[in-house]
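Raw contents of run_35.cif, mmCIF, C-alpha atoms:
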```
data_run
#
loop_
_atom_site.group_PDB
_atom_site.id
_atom_site.type_symbol
_atom_site.label_atom_id
_atom_site.label_comp_id
_atom_site.auth_asym_id
_atom_site.auth_seq_id
_atom_site.Cartn_x
_atom_site.Cartn_y
_atom_site.Cartn_z
ATOM 1 C CA MET A 1 130.469 85.437 114.698
ATOM 2 C CA ARG A 2 126.764 84.730 115.214
ATOM 3 C CA ILE A 3 125.932 81.013 115.140
ATOM 4 C CA GLY A 4 122.503 79.725 114.184
ATOM 5 C CA MET A 5 120.904 76.678 112.626
ATOM 6 C CA SER A 6 118.972 76.161 109.407
ATOM 7 C CA LEU A 7 117.210 73.014 110.519
ATOM 8 C CA THR A 8 116.355 70.178 108.160
ATOM 9 C CA SER A 9 112.908 70.575 106.592
ATOM 10 C CA SER A 10 112.751 67.410 104.439
ATOM 11 C CA TYR A 11 112.049 63.962 105.900
ATOM 12 C CA PRO A 12 111.194 60.572 104.363
ATOM 13 C CA LEU A 13 107.543 59.542 104.198
ATOM 14 C CA SER A 14 108.437 56.515 106.304
ATOM 15 C CA THR A 15 108.721 58.898 109.288
ATOM 16 C CA ALA A 16 105.372 59.788 110.857
ATOM 17 C CA SER A 17 104.516 63.447 110.285
ATOM 18 C CA GLN A 18 103.783 64.019 113.986
ATOM 19 C CA GLN A 19 107.213 62.614 114.844
ATOM 20 C CA VAL A 20 108.814 64.997 112.356
ATOM 21 C CA PHE A 21 107.191 67.962 114.077
ATOM 22 C CA ASP A 22 107.942 66.765 117.612
ATOM 23 C CA GLU A 23 111.608 66.160 116.827
ATOM 24 C CA LEU A 24 111.946 69.559 115.174
ATOM 25 C CA ARG A 25 110.436 71.221 118.238
ATOM 26 C CA ALA A 26 112.908 69.396 120.489
ATOM 27 C CA GLN A 27 115.794 70.700 118.366
ATOM 28 C CA VAL A 28 114.499 74.273 118.605
ATOM 29 C CA GLU A 29 114.040 74.022 122.367
ATOM 30 C CA LEU A 30 117.617 72.790 122.804
ATOM 31 C CA MET A 31 118.909 75.617 120.601
ATOM 32 C CA ALA A 32 117.051 78.178 122.712
ATOM 33 C CA GLU A 33 118.446 76.660 125.910
ATOM 34 C CA LEU A 34 121.996 76.838 124.536
ATOM 35 C CA HIS A 35 121.679 80.446 123.319
ATOM 36 C CA PHE A 36 121.954 80.001 119.573
ATOM 37 C CA ALA A 37 121.678 83.290 117.707
ATOM 38 C CA SER A 38 119.166 82.264 115.068
ATOM 39 C CA LEU A 39 116.768 79.686 113.690
ATOM 40 C CA SER A 40 116.102 79.281 109.980
ATOM 41 C CA LEU A 41 113.884 76.968 107.919
ATOM 42 C CA GLY A 42 113.882 76.387 104.170
ATOM 43 C CA ASP A 43 111.186 76.413 101.500
ATOM 44 C CA HIS A 44 110.111 73.792 98.966
ATOM 45 C CA HIS A 45 106.806 72.676 97.496
ATOM 46 C CA ILE A 46 104.887 69.621 96.215
ATOM 47 C CA THR A 47 107.672 67.326 97.372
ATOM 48 C CA ARG A 48 107.822 63.541 97.375
ATOM 49 C CA ASP A 49 108.972 63.566 100.997
ATOM 50 C CA HIS A 50 107.492 65.243 104.034
ATOM 51 C CA TYR A 51 108.479 68.899 103.819
ATOM 52 C CA VAL A 52 107.909 71.144 106.821
ATOM 53 C CA GLN A 53 106.254 74.247 105.382
ATOM 54 C CA VAL A 54 108.166 77.298 106.459
ATOM 55 C CA LEU A 55 105.638 79.922 107.543
ATOM 56 C CA PRO A 56 103.245 77.915 109.773
ATOM 57 C CA THR A 57 106.161 76.015 111.262
ATOM 58 C CA MET A 58 108.143 79.150 112.026
ATOM 59 C CA CYS A 59 105.072 80.751 113.612
ATOM 60 C CA ARG A 60 104.647 77.706 115.857
ATOM 61 C CA MET A 61 108.344 77.464 116.656
ATOM 62 C CA SER A 62 108.472 81.131 117.648
ATOM 63 C CA ALA A 63 106.897 80.094 120.956
ATOM 64 C CA HIS A 64 109.843 77.760 121.638
ATOM 65 C CA SER A 65 112.638 79.920 120.246
ATOM 66 C CA GLY A 66 113.706 81.992 123.237
ATOM 67 C CA ASN A 67 115.523 85.085 122.004
ATOM 68 C CA MET A 68 116.704 83.625 118.703
ATOM 69 C CA GLN A 69 116.309 85.564 115.495
ATOM 70 C CA LEU A 70 113.749 83.833 113.243
ATOM 71 C CA ILE A 71 114.848 83.545 109.610
ATOM 72 C CA PRO A 72 112.283 81.917 107.302
ATOM 73 C CA LEU A 73 113.405 81.369 103.721
ATOM 74 C CA PHE A 74 110.944 82.060 100.915
ATOM 75 C CA LEU A 75 111.153 81.218 97.218
ATOM 76 C CA LEU A 76 109.609 84.535 96.240
ATOM 77 C CA PRO A 77 108.311 83.727 92.733
ATOM 78 C CA PHE A 78 105.701 81.386 94.264
ATOM 79 C CA TYR A 79 104.170 83.961 96.633
ATOM 80 C CA GLN A 80 101.493 86.634 96.224
ATOM 81 C CA PRO A 81 103.358 89.651 97.618
ATOM 82 C CA ILE A 82 100.540 91.439 99.485
ATOM 83 C CA LEU A 83 99.581 88.258 101.317
ATOM 84 C CA LEU A 84 103.230 87.460 102.060
ATOM 85 C CA ALA A 85 103.806 90.964 103.434
ATOM 86 C CA GLU A 86 100.818 90.599 105.782
ATOM 87 C CA GLN A 87 102.028 87.233 107.013
ATOM 88 C CA VAL A 88 105.685 88.063 107.595
ATOM 89 C CA ALA A 89 104.773 91.336 109.291
ATOM 90 C CA MET A 90 102.548 89.352 111.655
ATOM 91 C CA LEU A 91 105.385 86.907 112.366
ATOM 92 C CA ASP A 92 107.591 89.854 113.293
ATOM 93 C CA VAL A 93 104.888 91.085 115.679
ATOM 94 C CA MET A 94 104.388 87.613 117.175
ATOM 95 C CA SER A 95 108.125 87.224 117.753
ATOM 96 C CA GLY A 96 108.593 90.663 119.277
ATOM 97 C CA GLY A 97 110.622 91.990 116.346
ATOM 98 C CA ARG A 98 112.971 89.026 115.838
ATOM 99 C CA THR A 99 112.286 88.183 112.181
ATOM 100 C CA ALA A 100 114.460 88.448 109.073
ATOM 101 C CA LEU A 101 113.637 86.998 105.649
ATOM 102 C CA ILE A 102 115.895 85.037 103.329
ATOM 103 C CA CYS A 103 114.568 85.619 99.820
ATOM 104 C CA CYS A 104 115.588 83.179 97.098
ATOM 105 C CA LEU A 105 114.853 82.611 93.432
ATOM 106 C CA GLY A 106 114.716 78.822 93.547
ATOM 107 C CA HIS A 107 114.700 76.256 90.754
ATOM 108 C CA GLN A 108 111.834 73.773 90.841
ATOM 109 C CA PRO A 109 110.219 73.344 87.372
ATOM 110 C CA GLU A 110 107.394 71.081 88.570
ATOM 111 C CA ALA A 111 106.347 73.613 91.200
ATOM 112 C CA HIS A 112 106.380 76.470 88.694
ATOM 113 C CA GLU A 113 104.115 74.407 86.448
ATOM 114 C CA ALA A 114 101.741 73.488 89.276
ATOM 115 C CA PHE A 115 101.621 77.024 90.676
ATOM 116 C CA GLN A 116 101.216 78.519 87.171
ATOM 117 C CA THR A 117 104.169 80.832 87.753
ATOM 118 C CA PRO A 118 106.258 80.434 84.573
ATOM 119 C CA GLN A 119 109.884 79.778 85.332
ATOM 120 C CA LYS A 120 111.016 82.070 82.495
ATOM 121 C CA VAL A 121 109.718 85.118 84.414
ATOM 122 C CA ARG A 122 110.845 84.062 87.881
ATOM 123 C CA VAL A 123 113.513 86.801 88.105
ATOM 124 C CA SER A 124 111.041 89.609 87.443
ATOM 125 C CA ARG A 125 108.508 88.038 89.831
ATOM 126 C CA PHE A 126 111.245 87.804 92.457
ATOM 127 C CA VAL A 127 112.205 91.462 92.104
ATOM 128 C CA GLU A 128 108.612 92.727 92.185
ATOM 129 C CA THR A 129 107.681 90.587 95.185
ATOM 130 C CA PHE A 130 110.774 91.709 97.088
ATOM 131 C CA GLU A 131 110.049 95.377 96.387
ATOM 132 C CA ILE A 132 106.360 95.095 97.294
ATOM 133 C CA VAL A 133 106.927 93.250 100.578
ATOM 134 C CA ARG A 134 109.556 95.767 101.619
ATOM 135 C CA ARG A 135 107.327 98.748 100.908
ATOM 136 C CA LEU A 136 104.141 97.333 102.436
ATOM 137 C CA CYS A 137 105.900 96.455 105.686
ATOM 138 C CA ALA A 138 107.002 100.082 106.042
ATOM 139 C CA GLU A 139 104.584 102.381 104.180
ATOM 140 C CA ASP A 140 100.878 103.221 103.946
ATOM 141 C CA ASN A 141 98.904 103.734 100.741
ATOM 142 C CA VAL A 142 101.412 101.930 98.546
ATOM 143 C CA SER A 143 100.910 101.989 94.794
ATOM 144 C CA TYR A 144 102.868 99.721 92.478
ATOM 145 C CA GLU A 145 102.932 99.195 88.724
ATOM 146 C CA GLY A 146 104.934 96.254 87.476
ATOM 147 C CA LYS A 147 104.918 93.464 84.928
ATOM 148 C CA HIS A 148 103.149 91.050 87.269
ATOM 149 C CA TYR A 149 101.514 93.178 89.972
ATOM 150 C CA THR A 150 99.689 96.482 89.748
ATOM 151 C CA PHE A 151 97.688 98.023 92.603
ATOM 152 C CA HIS A 152 96.927 101.396 94.151
ATOM 153 C CA ASN A 153 96.728 102.772 97.705
ATOM 154 C CA VAL A 154 97.230 99.492 99.556
ATOM 155 C CA SER A 155 98.167 99.373 103.248
ATOM 156 C CA ILE A 156 98.675 96.410 105.561
ATOM 157 C CA HIS A 157 98.172 96.279 109.324
ATOM 158 C CA PRO A 158 99.893 95.416 111.520
ATOM 159 C CA LYS A 159 103.187 96.345 110.008
ATOM 160 C CA SER A 160 106.419 94.714 111.114
ATOM 161 C CA LEU A 161 107.800 95.935 114.428
ATOM 162 C CA GLN A 162 111.232 96.294 112.877
ATOM 163 C CA GLN A 163 111.551 99.239 110.547
ATOM 164 C CA PRO A 164 112.792 98.296 108.112
ATOM 165 C CA LEU A 165 112.146 94.561 108.280
ATOM 166 C CA PRO A 166 115.494 92.848 107.472
ATOM 167 C CA MET A 167 115.304 91.272 104.016
ATOM 168 C CA TRP A 168 118.267 89.159 102.920
ATOM 169 C CA ILE A 169 118.885 87.420 99.594
ATOM 170 C CA GLY A 170 120.419 84.019 98.988
ATOM 171 C CA SER A 171 122.171 84.040 95.619
ATOM 172 C CA PHE A 172 124.880 82.152 93.751
ATOM 173 C CA ALA A 173 125.316 83.338 90.138
ATOM 174 C CA ASP A 174 127.186 86.597 89.579
ATOM 175 C CA PRO A 175 124.170 88.549 88.200
ATOM 176 C CA ALA A 176 122.152 87.458 91.241
ATOM 177 C CA ILE A 177 124.964 88.470 93.609
ATOM 178 C CA LYS A 178 124.975 91.939 92.012
ATOM 179 C CA ARG A 179 121.199 92.099 92.481
ATOM 180 C CA THR A 180 121.740 91.171 96.121
ATOM 181 C CA ALA A 181 124.266 93.969 96.562
ATOM 182 C CA ARG A 182 121.788 96.446 95.076
ATOM 183 C CA MET A 183 118.647 95.355 96.944
ATOM 184 C CA ALA A 184 119.255 93.335 100.090
ATOM 185 C CA ASP A 185 120.199 94.010 103.704
ATOM 186 C CA ALA A 186 122.534 90.995 103.717
ATOM 187 C CA TRP A 187 123.803 88.194 101.500
ATOM 188 C CA VAL A 188 123.340 84.479 102.261
ATOM 189 C CA MET A 189 125.974 82.242 100.674
ATOM 190 C CA SER A 190 125.797 78.681 99.372
ATOM 191 C CA PRO A 191 126.442 75.691 101.688
ATOM 192 C CA SER A 192 128.473 73.920 99.004
ATOM 193 C CA TRP A 193 131.012 76.636 98.229
ATOM 194 C CA THR A 194 134.585 75.838 99.209
ATOM 195 C CA PRO A 195 136.488 78.393 101.316
ATOM 196 C CA GLY A 196 138.411 79.468 98.230
ATOM 197 C CA LEU A 197 135.204 80.175 96.335
ATOM 198 C CA VAL A 198 133.734 81.951 99.361
ATOM 199 C CA GLU A 199 136.709 84.301 99.394
ATOM 200 C CA GLU A 200 136.465 84.924 95.651
ATOM 201 C CA LYS A 201 132.719 85.646 95.705
ATOM 202 C CA LEU A 202 133.002 87.819 98.797
ATOM 203 C CA HIS A 203 135.396 90.059 96.890
ATOM 204 C CA PHE A 204 132.949 90.207 93.970
ATOM 205 C CA TYR A 205 130.065 91.073 96.328
ATOM 206 C CA GLN A 206 132.023 93.730 98.205
ATOM 207 C CA THR A 207 133.013 95.357 94.910
ATOM 208 C CA ALA A 208 129.357 95.412 93.881
ATOM 209 C CA LEU A 209 128.372 97.009 97.189
ATOM 210 C CA GLN A 210 130.916 99.745 96.548
ATOM 211 C CA GLU A 211 129.562 100.294 93.035
ATOM 212 C CA TYR A 212 126.065 100.819 94.452
ATOM 213 C CA GLY A 213 127.313 103.004 97.310
ATOM 214 C CA ARG A 214 126.012 100.553 99.906
ATOM 215 C CA SER A 215 129.159 99.335 101.675
ATOM 216 C CA SER A 216 128.332 101.201 104.886
ATOM 217 C CA GLN A 217 124.683 100.063 104.855
ATOM 218 C CA VAL A 218 125.328 96.316 104.795
ATOM 219 C CA THR A 219 127.070 94.948 107.876
ATOM 220 C CA GLU A 220 126.199 91.243 107.887
ATOM 221 C CA THR A 221 127.252 88.391 105.582
ATOM 222 C CA ILE A 222 125.780 84.936 106.159
ATOM 223 C CA LEU A 223 127.279 81.560 105.255
ATOM 224 C CA ARG A 224 125.360 78.285 105.252
ATOM 225 C CA ARG A 225 127.184 75.095 106.170
ATOM 226 C CA ASP A 226 126.149 71.482 106.764
ATOM 227 C CA ILE A 227 127.758 69.895 109.796
ATOM 228 C CA HIS A 228 128.123 66.820 111.984
ATOM 229 C CA LEU A 229 130.085 67.073 115.213
ATOM 230 C CA GLY A 230 131.336 64.285 117.439
ATOM 231 C CA ALA A 231 133.241 64.181 120.704
ATOM 232 C CA THR A 232 136.442 63.489 118.760
ATOM 233 C CA PRO A 233 137.402 63.834 115.099
ATOM 234 C CA GLU A 234 137.515 60.058 114.767
ATOM 235 C CA ALA A 235 134.090 59.563 116.329
ATOM 236 C CA ALA A 236 132.496 62.217 114.104
ATOM 237 C CA ARG A 237 133.934 60.737 110.917
ATOM 238 C CA GLN A 238 132.929 57.220 111.855
ATOM 239 C CA GLU A 239 129.362 58.340 112.626
ATOM 240 C CA ALA A 240 129.157 60.250 109.334
ATOM 241 C CA GLU A 241 130.759 57.571 107.165
ATOM 242 C CA VAL A 242 127.430 56.991 105.404
ATOM 243 C CA LEU A 243 127.600 60.508 103.963
ATOM 244 C CA TRP A 244 130.680 59.569 101.955
ATOM 245 C CA SER A 245 129.455 56.137 100.922
ATOM 246 C CA LYS A 246 126.082 57.383 99.609
ATOM 247 C CA GLY A 247 127.042 60.882 98.500
ATOM 248 C CA TYR A 248 125.721 64.105 99.953
ATOM 249 C CA ARG A 249 123.430 66.688 98.335
ATOM 250 C CA GLY A 250 125.293 66.670 95.040
ATOM 251 C CA PHE A 251 128.572 67.734 96.668
ATOM 252 C CA GLY A 252 131.655 66.790 94.671
ATOM 253 C CA PRO A 253 134.813 65.420 96.301
ATOM 254 C CA GLN A 254 136.271 68.873 96.953
ATOM 255 C CA GLU A 255 133.027 70.186 98.447
ATOM 256 C CA MET A 256 132.783 67.100 100.665
ATOM 257 C CA GLN A 257 136.319 67.706 101.877
ATOM 258 C CA GLU A 258 136.219 71.499 102.313
ATOM 259 C CA SER A 259 132.584 72.572 102.702
ATOM 260 C CA LEU A 260 130.945 69.765 104.691
ATOM 261 C CA ILE A 261 132.118 70.112 108.304
ATOM 262 C CA VAL A 262 132.590 66.734 109.995
ATOM 263 C CA GLY A 263 134.790 66.640 113.069
ATOM 264 C CA SER A 264 135.267 67.804 116.640
ATOM 265 C CA PRO A 265 134.201 71.125 118.200
ATOM 266 C CA ASP A 266 137.827 72.313 118.113
ATOM 267 C CA GLU A 267 138.030 71.670 114.376
ATOM 268 C CA CYS A 268 134.764 73.551 113.917
ATOM 269 C CA VAL A 269 136.123 76.527 115.860
ATOM 270 C CA ARG A 270 139.212 76.696 113.629
ATOM 271 C CA TYR A 271 137.045 76.479 110.517
ATOM 272 C CA LEU A 272 134.812 79.313 111.718
ATOM 273 C CA GLU A 273 137.765 81.474 112.673
ATOM 274 C CA ASN A 274 138.995 81.192 109.087
ATOM 275 C CA MET A 275 135.542 82.158 107.781
ATOM 276 C CA GLN A 276 135.452 85.074 110.210
ATOM 277 C CA ARG A 277 138.790 86.363 108.902
ATOM 278 C CA MET A 278 137.300 86.372 105.397
ATOM 279 C CA GLY A 279 134.402 88.546 106.528
ATOM 280 C CA ILE A 280 131.624 86.095 107.438
ATOM 281 C CA THR A 281 129.622 87.458 110.385
ATOM 282 C CA HIS A 282 126.826 84.886 110.744
ATOM 283 C CA ILE A 283 126.747 81.147 110.067
ATOM 284 C CA LEU A 284 123.673 78.982 109.614
ATOM 285 C CA PHE A 285 124.457 75.322 110.251
ATOM 286 C CA ARG A 286 122.293 72.429 109.121
ATOM 287 C CA PRO A 287 122.649 68.959 110.655
ATOM 288 C CA ALA A 288 124.198 66.732 108.012
ATOM 289 C CA MET A 289 122.780 63.598 109.656
ATOM 290 C CA ARG A 290 119.000 63.215 109.550
ATOM 291 C CA GLY A 291 118.667 61.124 112.699
ATOM 292 C CA GLN A 292 117.382 62.897 115.797
ATOM 293 C CA LYS A 293 120.158 61.539 118.015
ATOM 294 C CA GLU A 294 122.872 62.851 115.686
ATOM 295 C CA ALA A 295 121.141 66.204 115.150
ATOM 296 C CA LEU A 296 120.783 66.822 118.884
ATOM 297 C CA GLN A 297 124.395 65.751 119.433
ATOM 298 C CA THR A 298 125.625 68.328 116.914
ATOM 299 C CA ILE A 299 123.394 71.061 118.364
ATOM 300 C CA ARG A 300 124.573 70.286 121.899
ATOM 301 C CA LEU A 301 128.268 70.321 120.976
ATOM 302 C CA LEU A 302 127.873 73.581 119.074
ATOM 303 C CA GLY A 303 126.038 75.120 122.005
ATOM 304 C CA THR A 304 128.371 73.954 124.759
ATOM 305 C CA GLU A 305 131.783 74.119 123.057
ATOM 306 C CA VAL A 306 131.668 76.299 119.933
ATOM 307 C CA ILE A 307 129.280 79.155 120.777
ATOM 308 C CA PRO A 308 131.012 79.894 124.125
ATOM 309 C CA HIS A 309 134.364 80.227 122.329
ATOM 310 C CA PHE A 310 133.054 83.037 120.136
ATOM 311 C CA ALA A 311 131.167 84.614 123.025
ATOM 312 C CA ARG A 312 134.463 84.885 124.924
ATOM 313 C CA ALA A 313 136.214 86.262 121.854
ATOM 314 C CA ALA A 314 133.587 88.987 121.554
#
```
Translate this file's structure into structure tokens.
Amino acid sequence: MRIGMSLTSSYPLSTASQQVFDELRAQVELMAELHFASLSLGDHHITRDHYVQVLPTMCRMSAHSGNMQLIPLFLLPFYQPILLAEQVAMLDVMSGGRTALICCLGHQPEAHEAFQTPQKVRVSRFVETFEIVRRLCAEDNVSYEGKHYTFHNVSIHPKSLQQPLPMWIGSFADPAIKRTARMADAWVMSPSWTPGLVEEKLHFYQTALQEYGRSSQVTETILRRDIHLGATPEAARQEAEVLWSKGYRGFGPQEMQESLIVGSPDECVRYLENMQRMGITHILFRPAMRGQKEALQTIRLLGTEVIPHFARAA
């Protein structure tokens, strides 16, 4: 089980933007010190809060990331694919070949309107962008004819150090999961899914991989989970009480109970062992509490008490 963090990217405007950046850097530095496997950041646009933009932030954080894998998430329909290929290839070079992409479809009507990328064609834009980035990072003199992009004999330099550059897909609906099985190097699962739904969708995904003859090619399955850890179960739940009183990210009662991890390191270990038995190989945690003190506490407990458990097991 590889353990990484998908750090919080959204912060209230009442927090100074420089403070947001400095606190994020401190989280990354602690993760590197404690030997986390990976660092991920999300993607969102024209937000009402501060939103840490993924590509420049990941480039800057690469200098503080130690040996962690860097996993920026991109909502592909918003990106020009040739430019994106150039930029992510450069990130892979800057990081010494430590980059993987999470590619998502997204759902943000106001951004589609502002970016003039009609939401009704976002699936076809996603597919074309994915295919173009993959080819440009690996091939010279690429030609492509699609619904949205047509070009001839295009090459980018430098190319990614990794060949091929790992390209994962985050998907939730069954048609999108089948597309993931057909196209991607790995699947990234929803943070809100209960363990029962994880098991059900894993079976669906694995069947799709078999249908496409790709079972032996795909070796990693990634689960996202939001988490708050405390020294004891009681301390963690008391500290996170506000999450239940105000609601959390649209989670229903069952998701709050089964998908949001709030407890002690030992409880976290047992939860991850169950996910590992299902077939999850990599988990991306996000701090459930926005405060810097609570985020660092969770990172420290994961790094000192949870990661070593799985290192010993390996």
- By how many Å are CA of Val306 (chain A) and CA of Cys268 (chain A) apart?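 These two atoms are separated by 7.3 Å.
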- Query: Residues picked by the PyMOL selection byres ((chain A and resi 164-173) around 6) here, as a list in words?
  - Reply: Ala100, Leu101, Ile102, Cys103, Cys104, Gln162, Gln163, Asp174, Pro175, Ala176, Ile177, Thr180, Ala184, Asp185, Ala186, Trp187 and Val188 of chain A
Calculate, to one decimal in Å, the centre and edge lengths of the box along x, y and z of the file that holds all listed atoms of region 156-164 of chain A with 6 Å of margin on each side, and present them as JSON.
```
{"center_x": 105.5, "center_y": 97.0, "center_z": 110.0, "size_x": 26.6, "size_y": 16.5, "size_z": 20.9}
```
- Given the choices A:Glu145, A:Glu258, A:Glu267, A:Asp49, which gets closest to Gly230 (chain A) if the distance is worked out from only C-alpha atoms?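 Of all the options, A:Glu267 lies closest to Gly230 (chain A).
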Applying the PyMOL selection byres ((chain A and resi 221-229) around 6) to the file I just gave you, which residues come out? Please list them as a PDB file with C-alpha atoms, in the frame of the given file.
```pdb
ATOM      1  CA  ALA A 186     122.534  90.995 103.717  1.00  0.00           C
ATOM      2  CA  TRP A 187     123.803  88.194 101.500  1.00  0.00           C
ATOM      3  CA  VAL A 188     123.340  84.479 102.261  1.00  0.00           C
ATOM      4  CA  MET A 189     125.974  82.242 100.674  1.00  0.00           C
ATOM      5  CA  SER A 190     125.797  78.681  99.372  1.00  0.00           C
ATOM      6  CA  PRO A 191     126.442  75.691 101.688  1.00  0.00           C
ATOM      7  CA  GLU A 220     126.199  91.243 107.887  1.00  0.00           C
ATOM      8  CA  GLY A 230     131.336  64.285 117.439  1.00  0.00           C
ATOM      9  CA  ALA A 236     132.496  62.217 114.104  1.00  0.00           C
ATOM     10  CA  LEU A 260     130.945  69.765 104.691  1.00  0.00           C
ATOM     11  CA  ILE A 261     132.118  70.112 108.304  1.00  0.00           C
ATOM     12  CA  VAL A 262     132.590  66.734 109.995  1.00  0.00           C
ATOM     13  CA  GLY A 263     134.790  66.640 113.069  1.00  0.00           C
ATOM     14  CA  SER A 264     135.267  67.804 116.640  1.00  0.00           C
ATOM     15  CA  ILE A 280     131.624  86.095 107.438  1.00  0.00           C
ATOM     16  CA  THR A 281     129.622  87.458 110.385  1.00  0.00           C
ATOM     17  CA  HIS A 282     126.826  84.886 110.744  1.00  0.00           C
ATOM     18  CA  ILE A 283     126.747  81.147 110.067  1.00  0.00           C
ATOM     19  CA  LEU A 284     123.673  78.982 109.614  1.00  0.00           C
ATOM     20  CA  PHE A 285     124.457  75.322 110.251  1.00  0.00           C
ATOM     21  CA  ARG A 286     122.293  72.429 109.121  1.00  0.00           C
ATOM     22  CA  PRO A 287     122.649  68.959 110.655  1.00  0.00           C
ATOM     23  CA  ALA A 288     124.198  66.732 108.012  1.00  0.00           C
ATOM     24  CA  THR A 298     125.625  68.328 116.914  1.00  0.00           C
TER      25      THR A 298
END
```
- Query: CA of His157 (chain A) and CA of Glu86 (chain A), how far apart in Å?
  - Reply: 7.2 Å
- Task: Find the distance between CA of Met1 (chain A) and CA of Ala26 (chain A) and write it in Å to one decimal.
- Result: 24.5 Å
Residue members of the PyMOL selection byres ((chain A and resi 124-131) around 8) in the file shown, as a PDB file with C-alpha atoms, in the coordinates of the input:
```
ATOM      1  CA  LEU A  76     109.609  84.535  96.240  1.00  0.00           C
ATOM      2  CA  PRO A  77     108.311  83.727  92.733  1.00  0.00           C
ATOM      3  CA  TYR A  79     104.170  83.961  96.633  1.00  0.00           C
ATOM      4  CA  GLN A  80     101.493  86.634  96.224  1.00  0.00           C
ATOM      5  CA  PRO A  81     103.358  89.651  97.618  1.00  0.00           C
ATOM      6  CA  CYS A 103     114.568  85.619  99.820  1.00  0.00           C
ATOM      7  CA  CYS A 104     115.588  83.179  97.098  1.00  0.00           C
ATOM      8  CA  LEU A 105     114.853  82.611  93.432  1.00  0.00           C
ATOM      9  CA  VAL A 121     109.718  85.118  84.414  1.00  0.00           C
ATOM     10  CA  ARG A 122     110.845  84.062  87.881  1.00  0.00           C
ATOM     11  CA  VAL A 123     113.513  86.801  88.105  1.00  0.00           C
ATOM     12  CA  ILE A 132     106.360  95.095  97.294  1.00  0.00           C
ATOM     13  CA  VAL A 133     106.927  93.250 100.578  1.00  0.00           C
ATOM     14  CA  ARG A 134     109.556  95.767 101.619  1.00  0.00           C
ATOM     15  CA  ARG A 135     107.327  98.748 100.908  1.00  0.00           C
ATOM     16  CA  GLY A 146     104.934  96.254  87.476  1.00  0.00           C
ATOM     17  CA  LYS A 147     104.918  93.464  84.928  1.00  0.00           C
ATOM     18  CA  HIS A 148     103.149  91.050  87.269  1.00  0.00           C
ATOM     19  CA  TYR A 149     101.514  93.178  89.972  1.00  0.00           C
TER      20      TYR A 149
END
```
